[in-house]
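Here is the structure we will look at.
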Amino acid sequence: MAIQILRDLRGLRVHVVHPPDAERTKLVEHLRRIGCMVEIQWPVPDSWAEGADIVLLAIEHDVRAEIQRLLKSDSSHRPTLIAVVSYEDPSTLQLVLEAGAVAVIERPIRPFGLLTNLTIARSLWLERRGAEKRVRKLERKLAGIQRIQKAKAILMDGQGLNEADAYESIRRQAMSKRLSMDDMASAIIHANELLQYRAKND
Amino acid sequence: MALGDTQENWRVGVLFSQSGVTSAIERTQLNATLLAIEEVNAGGGVLGRRVEPVMYDPASDPKKFRAFAERLFQVDRVKLLFGCYMSSTRKAVLPVVEAHRGLLFYPTLYEGFEYSRHCVYTGAAPNQNSLQLARFLLSAYGNRFLFVGSNYVYPYESNRVMSDFVSQGKGKVLDEIYVPLLPEQKDFDRVIARIKKTSPDVIFSTVVGSGTSTLYRSFRAAGFDPTRMPIASLTTSEAEVAEMGPEAAEGHVTAAPFFETMSSSAARRFVMNFKDKYGADAPVTACAEASYFQLHLAMRAIGKCGSDDPEQVLTNLRDFEFDAPQGRVRIDPENNHTYLWPRIARLDRQGRFQIVWNPGVRVKPDPYCVVQSLDDWSADDLPLIRP
């Protein structure tokens with residue numbers, strides 16, 4: 001995995017969000033030297049740029065509001081974030097954590113350490129994304145299981161079936177109507193609610 | 001007071017080990033540096049001022065390298081430092097150079113993945129020797145490799161690079177053995193046993209320093225045939241060969257930009273002057289050649305800008321090409337490394353390197369190159385064995 005990440009560094013699109021100064025120039029030079037494709041942005045943009053794999057964000061207190069606005073924008077397509085910091089006080093750290101940085105580069109910026117931080121950041125971000133996907137999948141699955149449980153309960157109550165027969169009934173109906181079991185269970189739940197509602201109003 | 005005395009000398013720091021595990025090779029680098037200084041002074045110095053080396057012996061110890069570097073910058077007040085062989089010593093020295101805003105000239109092949117504004121790298125990066133050696137070995141000997149190296153960063157990274165080439169060549173790394181920097185015979189007995197067991201086509205050695213001789217001698221004593229199963233190296237040079245003797249050396253292979261036996265007029269002149277000063281038996285190595293041309297390069301840069309201020313020297317270094325013994329070299333301003341001429345040589349019965357591959361191609365340094373393709377043009381003219 002490590003070597004693959006290193007290989008992918010060549011051609012990785014890095015956005016450097018940093019005030020224009022000598023440090024930024026040297027930072028960009030070294031990122032290019034490593035083999036990344038670098039773009040520069042300043043002031044802090046409103047939203048995450050399309051096509052950025054990694055963003056190096058300078059945590060500057062005088063643009064705190066802009067940074068927070070950026071952080072609130074579309075969180076589903078967040079690139080890998082590396083913070084560039086000048087201070088270590090708690091309020092700076094708070095901003096760094098809120099930003100969701102997975103690596104940190106201290107000022108004054110030296111070439112040594114950039115490659116390691118890029119690699120670690122990328123690796124952590126990929127892991128996190130993988131974990132998030134798995135969690136979402138599990139949540140969906142869990143919800144699905146709960147729906148089937150509820151549909152089974154409805155059939156067991158309404159038709160006096162035992163659990164196994166209720167499950168079988170849902171399965172057969174789903175097959176004959178060419179629906180997924182989950183859709184069938186949802187239909188049963190909704191139908192039941194509808195019928196209950198009418199029954200209440202009678 | 002004579003005219004020459006009113007002007008201060010250009011004082012430069014020189015740090016090469018004259019004792020310890022890597023002293024044999026570092027002494028050749030020291031010799032070459034002093035030779036270059038002598039030549040500069042014989043030509044009238046730089047802008048009428050003599051060059052004065054300030055040197056210490058760090059005895060192959062990174063801590064001593066660091067301490068002497070501190071002394072050179074703080075007490076001796078040099079601005080330019082010429083030195084280091086092992087990566088561990090360069091790593092120890094570089095922060096000192098950076099803290100004093102000096103400039104280190106590092107004349108040794110290394111594992112790459114480094115850049116400092118305060119260092120000029122005049123030895124080969126992996127894309128300037130490993131690819132070429134891999135192509136040669138895969139085509140001339142086979143694709144079953146056994147790795148043996150000294151236990152520090154350079155061999156690990158070199159093995160990683162070579163391992164990738166071996167798999168590209170659909171070959172196999174049969175084993176990877178690391179011996180201490182100060183090895184004993186028993187460490188190599190283990191290696192010999194593994195060789196017997198695994199029967200590789202090639203032994204890729206990244207053993208450095210005095211252990212090199214022990215390895216090659218052990219190989220000889222075990223009765224292996226170097227024409228069928230050579231020890232291939234990036235580091236074994238004329239200096240290590242002098243320690244091991246021609247019998248142990250014969251048949252093995254090294255990749256480097258320079259060999260003592262090179263026939264160009266620039267190379268022969270350098271070797272001749274070197275041996276005139278240090279004796280006919282003094283080994284002239286690739287690391288010495290780098291030490292030699294880097295000193296001349298630095299002095300030429302001082303002459304151009306009139307100062308030994310490291311910033312100015314660095315800027316001026318990048319502006320010109322220089323006729324080094326290996327060929328015309330150039331510092332790459334993008335990464336402070338050097339355009340070099342890769343070559344491969346095999347040791348003959350007299351223990352001299354006979355060049356077996358010399359394409360006359362200068363390769364741009366690419367220190368951050370993670371993986372190279374065996375097909376890369378910079379090893380063209382070497383037959384590529386397709387599995």
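How things are named: the first chain in the structure tokens is A, the next is B, and so on; residues count from 1 in each chain; ligands count from 1 in the order shown.
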
Sorted by chain and rising residue number, which residues of region 248-349 of chain B lie within 9 Å of region 63-86 of chain B, and what are their closest atom pairs and distances in Å to one decimal, counting only C-alpha atoms, as a tab-separated table?
residue	atom	partner	partner_atom	distance
B:Cys287	CA	B:Tyr85	CA	8.4
B:Ser291	CA	B:Phe82	CA	7.7
B:Gln294	CA	B:Phe82	CA	8.4
B:Leu295	CA	B:Phe82	CA	7.6
B:Ala298	CA	B:Leu80	CA	8.7
B:Asp308	CA	B:Lys79	CA	6.8
B:Asp309	CA	B:Lys79	CA	6.8
B:Pro310	CA	B:Lys79	CA	6.6

Serialized selection, N, CA and C atoms, as an mmCIF file, in the first residue's frame:
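Contents of out-v7.cif, freshly written:
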data_model
loop_
_atom_site.group_PDB
_atom_site.id
_atom_site.type_symbol
_atom_site.label_atom_id
_atom_site.label_comp_id
_atom_site.auth_asym_id
_atom_site.auth_seq_id
_atom_site.Cartn_x
_atom_site.Cartn_y
_atom_site.Cartn_z
ATOM 1 N N CYS B 287 33.870 7.838 -6.406
ATOM 2 C CA CYS B 287 33.618 8.821 -5.353
ATOM 3 C C CYS B 287 34.740 9.848 -5.282
ATOM 4 N N SER B 291 34.460 13.874 -5.918
ATOM 5 C CA SER B 291 35.080 14.824 -4.985
ATOM 6 C C SER B 291 35.956 15.805 -5.744
ATOM 7 N N GLN B 294 33.738 18.205 -8.017
ATOM 8 C CA GLN B 294 32.876 19.122 -7.264
ATOM 9 C C GLN B 294 33.696 20.276 -6.665
ATOM 10 N N LEU B 295 34.924 19.979 -6.290
ATOM 11 C CA LEU B 295 35.781 21.045 -5.752
ATOM 12 C C LEU B 295 36.067 22.071 -6.849
ATOM 13 N N ALA B 298 33.007 24.136 -7.560
ATOM 14 C CA ALA B 298 32.752 25.132 -6.513
ATOM 15 C C ALA B 298 33.692 26.322 -6.665
ATOM 16 N N ASP B 308 32.394 33.497 -1.553
ATOM 17 C CA ASP B 308 32.068 32.114 -1.188
ATOM 18 C C ASP B 308 30.755 32.062 -0.405
ATOM 19 N N ASP B 309 29.981 33.127 -0.552
ATOM 20 C CA ASP B 309 28.656 33.106 0.073
ATOM 21 C C ASP B 309 27.839 31.985 -0.546
ATOM 22 N N PRO B 310 27.352 31.070 0.273
ATOM 23 C CA PRO B 310 26.708 29.869 -0.275
ATOM 24 C C PRO B 310 25.557 30.148 -1.245
#

Practice problem: Apply DSSP to the backbone of this structure and, from region 38-158 of chain A, keep only the residues in strand (DSSP E); write these as a ChimeraX atom specification. | Solution: /A:38-41,54-58,80-85,103-106

Quiz prompt | Residue hits in chain A, query chain B, radius 7 Å, only C-alpha atoms, as JSON, numbers by chain | solution = {"A": [6, 7, 33, 34, 111]}

Practice problem: Excluding Thr33 (chain B) and any residue of its chain fewer than 4 positions from it, enumerate the residues within 12 Å of it, using only C-alpha atoms, and give them as an MDAnalysis selection string. | Solution: chainID B and resid 12:16 26:29 37:40 51:55 81:83 105:107 270 274 284 287:299

Could the residues in this selection be written to a file with C-alpha atoms, as a PDB file, in the first residue's frame?
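Final output, again-v3.pdb:
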ATOM      1  CA  VAL B  12      36.845  25.416   2.939  1.00  0.00           C
ATOM      2  CA  GLY B  13      35.854  22.579   5.232  1.00  0.00           C
ATOM      3  CA  VAL B  14      36.817  19.021   4.307  1.00  0.00           C
ATOM      4  CA  LEU B  15      35.328  16.072   6.215  1.00  0.00           C
ATOM      5  CA  PHE B  16      36.317  12.585   5.098  1.00  0.00           C
ATOM      6  CA  GLU B  26      36.839   8.143   2.027  1.00  0.00           C
ATOM      7  CA  ARG B  27      40.581   8.512   1.846  1.00  0.00           C
ATOM      8  CA  THR B  28      40.317   8.451  -1.930  1.00  0.00           C
ATOM      9  CA  GLN B  29      37.753  11.233  -1.695  1.00  0.00           C
ATOM     10  CA  ILE B  37      42.759  22.253  -4.326  1.00  0.00           C
ATOM     11  CA  GLU B  38      46.412  21.902  -5.231  1.00  0.00           C
ATOM     12  CA  GLU B  39      45.599  22.277  -8.905  1.00  0.00           C
ATOM     13  CA  VAL B  40      43.510  25.382  -8.266  1.00  0.00           C
ATOM     14  CA  VAL B  51      42.281  27.836  -1.314  1.00  0.00           C
ATOM     15  CA  GLU B  52      42.957  26.466   2.156  1.00  0.00           C
ATOM     16  CA  PRO B  53      41.403  23.188   3.293  1.00  0.00           C
ATOM     17  CA  VAL B  54      40.406  22.897   6.941  1.00  0.00           C
ATOM     18  CA  MET B  55      40.030  19.235   7.711  1.00  0.00           C
ATOM     19  CA  LEU B  81      31.932  21.964   3.247  1.00  0.00           C
ATOM     20  CA  PHE B  82      33.140  19.081   1.098  1.00  0.00           C
ATOM     21  CA  GLY B  83      32.552  15.681   2.625  1.00  0.00           C
ATOM     22  CA  PHE B 105      29.038  19.266  -1.434  1.00  0.00           C
ATOM     23  CA  TYR B 106      28.275  15.560  -1.170  1.00  0.00           C
ATOM     24  CA  PRO B 107      30.299  13.419  -3.620  1.00  0.00           C
ATOM     25  CA  PHE B 270      43.020  12.932 -13.663  1.00  0.00           C
ATOM     26  CA  PHE B 274      46.261  11.460  -8.770  1.00  0.00           C
ATOM     27  CA  VAL B 284      41.122   6.224  -8.025  1.00  0.00           C
ATOM     28  CA  CYS B 287      33.618   8.821  -5.353  1.00  0.00           C
ATOM     29  CA  ALA B 288      37.075  10.359  -5.700  1.00  0.00           C
ATOM     30  CA  GLU B 289      36.222  11.598  -9.177  1.00  0.00           C
ATOM     31  CA  ALA B 290      33.079  13.252  -7.818  1.00  0.00           C
ATOM     32  CA  SER B 291      35.080  14.824  -4.985  1.00  0.00           C
ATOM     33  CA  TYR B 292      37.539  16.094  -7.556  1.00  0.00           C
ATOM     34  CA  PHE B 293      35.126  17.705  -9.966  1.00  0.00           C
ATOM     35  CA  GLN B 294      32.876  19.122  -7.264  1.00  0.00           C
ATOM     36  CA  LEU B 295      35.781  21.045  -5.752  1.00  0.00           C
ATOM     37  CA  HIS B 296      36.716  22.457  -9.131  1.00  0.00           C
ATOM     38  CA  LEU B 297      33.074  23.305  -9.819  1.00  0.00           C
ATOM     39  CA  ALA B 298      32.752  25.132  -6.513  1.00  0.00           C
ATOM     40  CA  MET B 299      35.932  27.117  -7.077  1.00  0.00           C
TER      41      MET B 299
END

Practice problem: List every residue of region 31-114 of chain A that DSSP, applied to the backbone of this structure, places in helix (DSSP H, G or I), and write the result as an NGL selection string. | Solution: :A and (31-34 or 61-72 or 75-77 or 90-99 or 114)

Go ahead and save the picked residues with N, CA and C atoms, as a compact mmCIF listing (two decimals), in the first residue's frame.
# COMPACT_ATOMS: atom_id res chain seq x y z
N LEU A 31 7.12 20.53 -3.73
CA LEU A 31 6.05 19.63 -4.12
C LEU A 31 6.23 19.21 -5.57
N ARG A 32 6.62 20.16 -6.40
CA ARG A 32 6.85 19.83 -7.81
C ARG A 32 8.05 18.92 -7.95
N ARG A 33 9.07 19.17 -7.12
CA ARG A 33 10.25 18.34 -7.16
C ARG A 33 9.91 16.90 -6.83
N ILE A 34 9.02 16.69 -5.89
CA ILE A 34 8.59 15.35 -5.52
C ILE A 34 7.83 14.71 -6.67
N HIS A 61 -4.94 32.85 11.51
CA HIS A 61 -6.06 33.35 12.32
C HIS A 61 -6.80 34.51 11.68
N ASP A 62 -6.12 35.29 10.87
CA ASP A 62 -6.84 36.44 10.33
C ASP A 62 -7.81 36.05 9.22
N VAL A 63 -7.75 34.81 8.77
CA VAL A 63 -8.77 34.38 7.80
C VAL A 63 -9.59 33.24 8.38
N ARG A 64 -9.73 33.25 9.69
CA ARG A 64 -10.43 32.17 10.38
C ARG A 64 -11.86 32.00 9.86
N ALA A 65 -12.53 33.11 9.64
CA ALA A 65 -13.92 33.04 9.18
C ALA A 65 -14.01 32.37 7.81
N GLU A 66 -13.09 32.76 6.93
CA GLU A 66 -13.10 32.16 5.58
C GLU A 66 -12.81 30.67 5.66
N ILE A 67 -11.88 30.30 6.54
CA ILE A 67 -11.55 28.88 6.67
C ILE A 67 -12.77 28.12 7.16
N GLN A 68 -13.47 28.69 8.13
CA GLN A 68 -14.64 27.98 8.65
C GLN A 68 -15.74 27.87 7.62
N ARG A 69 -15.86 28.88 6.78
CA ARG A 69 -16.85 28.80 5.71
C ARG A 69 -16.48 27.67 4.75
N LEU A 70 -15.21 27.59 4.44
CA LEU A 70 -14.74 26.52 3.55
C LEU A 70 -15.03 25.16 4.16
N LEU A 71 -14.78 25.04 5.44
CA LEU A 71 -14.96 23.75 6.10
C LEU A 71 -16.44 23.35 6.12
N LYS A 72 -17.32 24.34 6.16
CA LYS A 72 -18.75 24.01 6.20
C LYS A 72 -19.25 23.59 4.84
N SER A 75 -19.20 18.59 2.46
CA SER A 75 -18.24 17.73 3.14
C SER A 75 -18.15 16.36 2.51
N SER A 76 -18.93 16.12 1.48
CA SER A 76 -18.89 14.76 0.91
C SER A 76 -17.72 14.59 -0.05
N HIS A 77 -17.20 15.69 -0.57
CA HIS A 77 -16.10 15.55 -1.52
C HIS A 77 -14.84 16.19 -0.99
N PRO A 90 -3.90 26.19 21.74
CA PRO A 90 -5.16 25.47 21.63
C PRO A 90 -6.12 26.03 20.59
N SER A 91 -6.18 27.33 20.43
CA SER A 91 -7.18 27.81 19.46
C SER A 91 -6.77 27.48 18.04
N THR A 92 -5.47 27.48 17.77
CA THR A 92 -5.00 27.04 16.45
C THR A 92 -5.27 25.55 16.29
N LEU A 93 -4.97 24.79 17.33
CA LEU A 93 -5.17 23.35 17.26
C LEU A 93 -6.63 23.01 17.04
N GLN A 94 -7.49 23.80 17.68
CA GLN A 94 -8.92 23.56 17.50
C GLN A 94 -9.30 23.68 16.03
N LEU A 95 -8.78 24.71 15.42
CA LEU A 95 -9.05 24.93 14.00
C LEU A 95 -8.49 23.78 13.16
N VAL A 96 -7.31 23.33 13.53
CA VAL A 96 -6.69 22.23 12.80
C VAL A 96 -7.55 20.98 12.89
N LEU A 97 -8.06 20.71 14.10
CA LEU A 97 -8.88 19.51 14.29
C LEU A 97 -10.21 19.65 13.58
N GLU A 98 -10.82 20.84 13.70
CA GLU A 98 -12.10 21.07 13.01
C GLU A 98 -11.95 20.87 11.52
N ALA A 99 -10.79 21.27 11.03
CA ALA A 99 -10.56 21.14 9.59
C ALA A 99 -10.45 19.69 9.17
N LEU A 114 8.02 16.68 4.00
CA LEU A 114 6.86 16.88 3.14
C LEU A 114 6.41 15.56 2.53

Quiz item: Quick one: residues within 8 Å of Gly35 (chain A), only C-alpha atoms counted, chain neighbours fewer than 6 positions away excluded, as a list in words?
Solution: Leu9, Arg10, Gly11 and Leu12 of chain A; Tyr368 of chain B

Same residues, C-alpha atoms, saved as a PDB file, in the first residue's frame:
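Result file is part_11.pdb:
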ATOM      1  CA  LEU A   9       2.331  10.875  -5.721  1.00  0.00           C
ATOM      2  CA  ARG A  10       3.586  11.476  -9.210  1.00  0.00           C
ATOM      3  CA  GLY A  11       0.703  13.286 -10.793  1.00  0.00           C
ATOM      4  CA  LEU A  12      -1.203  13.856  -7.574  1.00  0.00           C
TER       5      LEU A  12
ATOM      6  CA  TYR B 368      12.313  11.352  -6.140  1.00  0.00           C
TER       7      TYR B 368
END

Practice problem: Compile the contact shell of region 23-26 of chain A as an MDAnalysis selection string: residues with an atom at most 10 Å away, counting only C-alpha atoms, same-chain residues fewer than 6 positions apart removed. | Solution: (chainID A and resid 16:17 32 40 58 107:111) or (chainID B and resid 117)

Keeping only N, CA and C atoms, take the residues you just selected and write them out as a compact mmCIF listing (two decimals), in the first residue's frame.
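Result written to result_15.txt:
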# COMPACT_ATOMS: atom_id res chain seq x y z
N VAL A 16 -2.40 24.30 -2.99
CA VAL A 16 -1.76 24.96 -1.87
C VAL A 16 -2.53 26.24 -1.56
N VAL A 17 -3.22 26.24 -0.44
CA VAL A 17 -3.98 27.43 -0.03
C VAL A 17 -3.16 28.11 1.04
N ARG A 32 6.62 20.16 -6.40
CA ARG A 32 6.85 19.83 -7.81
C ARG A 32 8.05 18.92 -7.95
N ILE A 40 -1.97 26.89 -6.98
CA ILE A 40 -1.93 27.81 -5.85
C ILE A 40 -3.26 28.52 -5.72
N ALA A 58 -3.13 26.69 4.89
CA ALA A 58 -2.44 27.46 5.91
C ALA A 58 -3.46 27.90 6.96
N ARG A 107 5.70 25.57 10.29
CA ARG A 107 6.56 26.62 9.73
C ARG A 107 7.72 26.82 10.68
N PRO A 108 8.92 27.16 10.21
CA PRO A 108 9.28 27.35 8.81
C PRO A 108 9.29 26.03 8.03
N ILE A 109 8.80 26.10 6.80
CA ILE A 109 8.61 24.89 6.02
C ILE A 109 9.94 24.41 5.48
N ARG A 110 10.26 23.14 5.77
CA ARG A 110 11.48 22.55 5.22
C ARG A 110 11.10 21.47 4.22
N PRO A 111 11.96 21.23 3.24
CA PRO A 111 11.65 20.13 2.31
C PRO A 111 11.52 18.79 3.03
N ARG B 117 18.41 22.88 0.21
CA ARG B 117 18.99 24.04 -0.48
C ARG B 117 20.44 24.23 -0.10

Quiz item: Using only C-alpha atoms, which residues sit within 7 Å of Arg50 (chain B) once same-chain residues fewer than 3 positions away are excluded, as number ranges by chain?
Solution: B: 9-10, 41, 45-46

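Atom pair CA of Ala191 (chain A) / CA of Leu138 (chain A): separated by 26.4 Å.
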
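Note that the spacing between CA of Asp165 (chain A) and CA of Gln196 (chain A) amounts to 22.6 Å.
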
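Remark: for Thr236 (chain B), the closest of the candidate residues B:Thr198, B:Thr206, B:Ser17, B:Thr108 is B:Thr206 (distances computed over only C-alpha atoms).
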
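Compared by their closest atoms to Asp8 (chain A), and using only C-alpha atoms, the residues A:Arg136, A:Arg122, A:Lys177, A:His30 rank with A:Arg122 nearest.
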
Quiz prompt | Selected residue, from A:Leu142, A:Leu118, A:Ile105, A:Ile3, that lies nearest to Glu88 (chain A) when counting only C-alpha atoms | solution = A:Ile105

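Summary of the local environment: counting only C-alpha atoms, residues at most 9 Å from Ala83 (chain A), other than itself and those fewer than 6 positions away along its chain, are A:Val55, A:Leu56, A:Leu57, A:Ala58, A:Ile59, A:Val96, A:Ala99, A:Gly100, A:Ala101, A:Val102, A:Ala103, A:Val104, A:Ile105, A:Glu106.
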
Go ahead and save the residues from that selection, with C-alpha atoms, as a short mmCIF file (atom, residue, chain, number, x, y, z; two decimals), in the first residue's frame.
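Listing of again-v7.cif after writing:
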data_model
loop_
_atom_site.label_atom_id
_atom_site.label_comp_id
_atom_site.auth_asym_id
_atom_site.auth_seq_id
_atom_site.Cartn_x
_atom_site.Cartn_y
_atom_site.Cartn_z
CA VAL A 55 -5.12 20.46 -0.06
CA LEU A 56 -2.40 22.12 1.97
CA LEU A 57 -4.22 24.72 4.02
CA ALA A 58 -2.44 27.46 5.91
CA ILE A 59 -4.17 27.90 9.27
CA VAL A 96 -6.69 22.23 12.80
CA ALA A 99 -10.56 21.14 9.59
CA GLY A 100 -10.08 17.43 9.78
CA ALA A 101 -6.39 17.61 8.95
CA VAL A 102 -4.72 14.23 8.72
CA ALA A 103 -1.20 15.60 8.79
CA VAL A 104 0.52 18.80 9.83
CA ILE A 105 3.46 20.78 8.47
CA GLU A 106 5.12 23.31 10.73
#
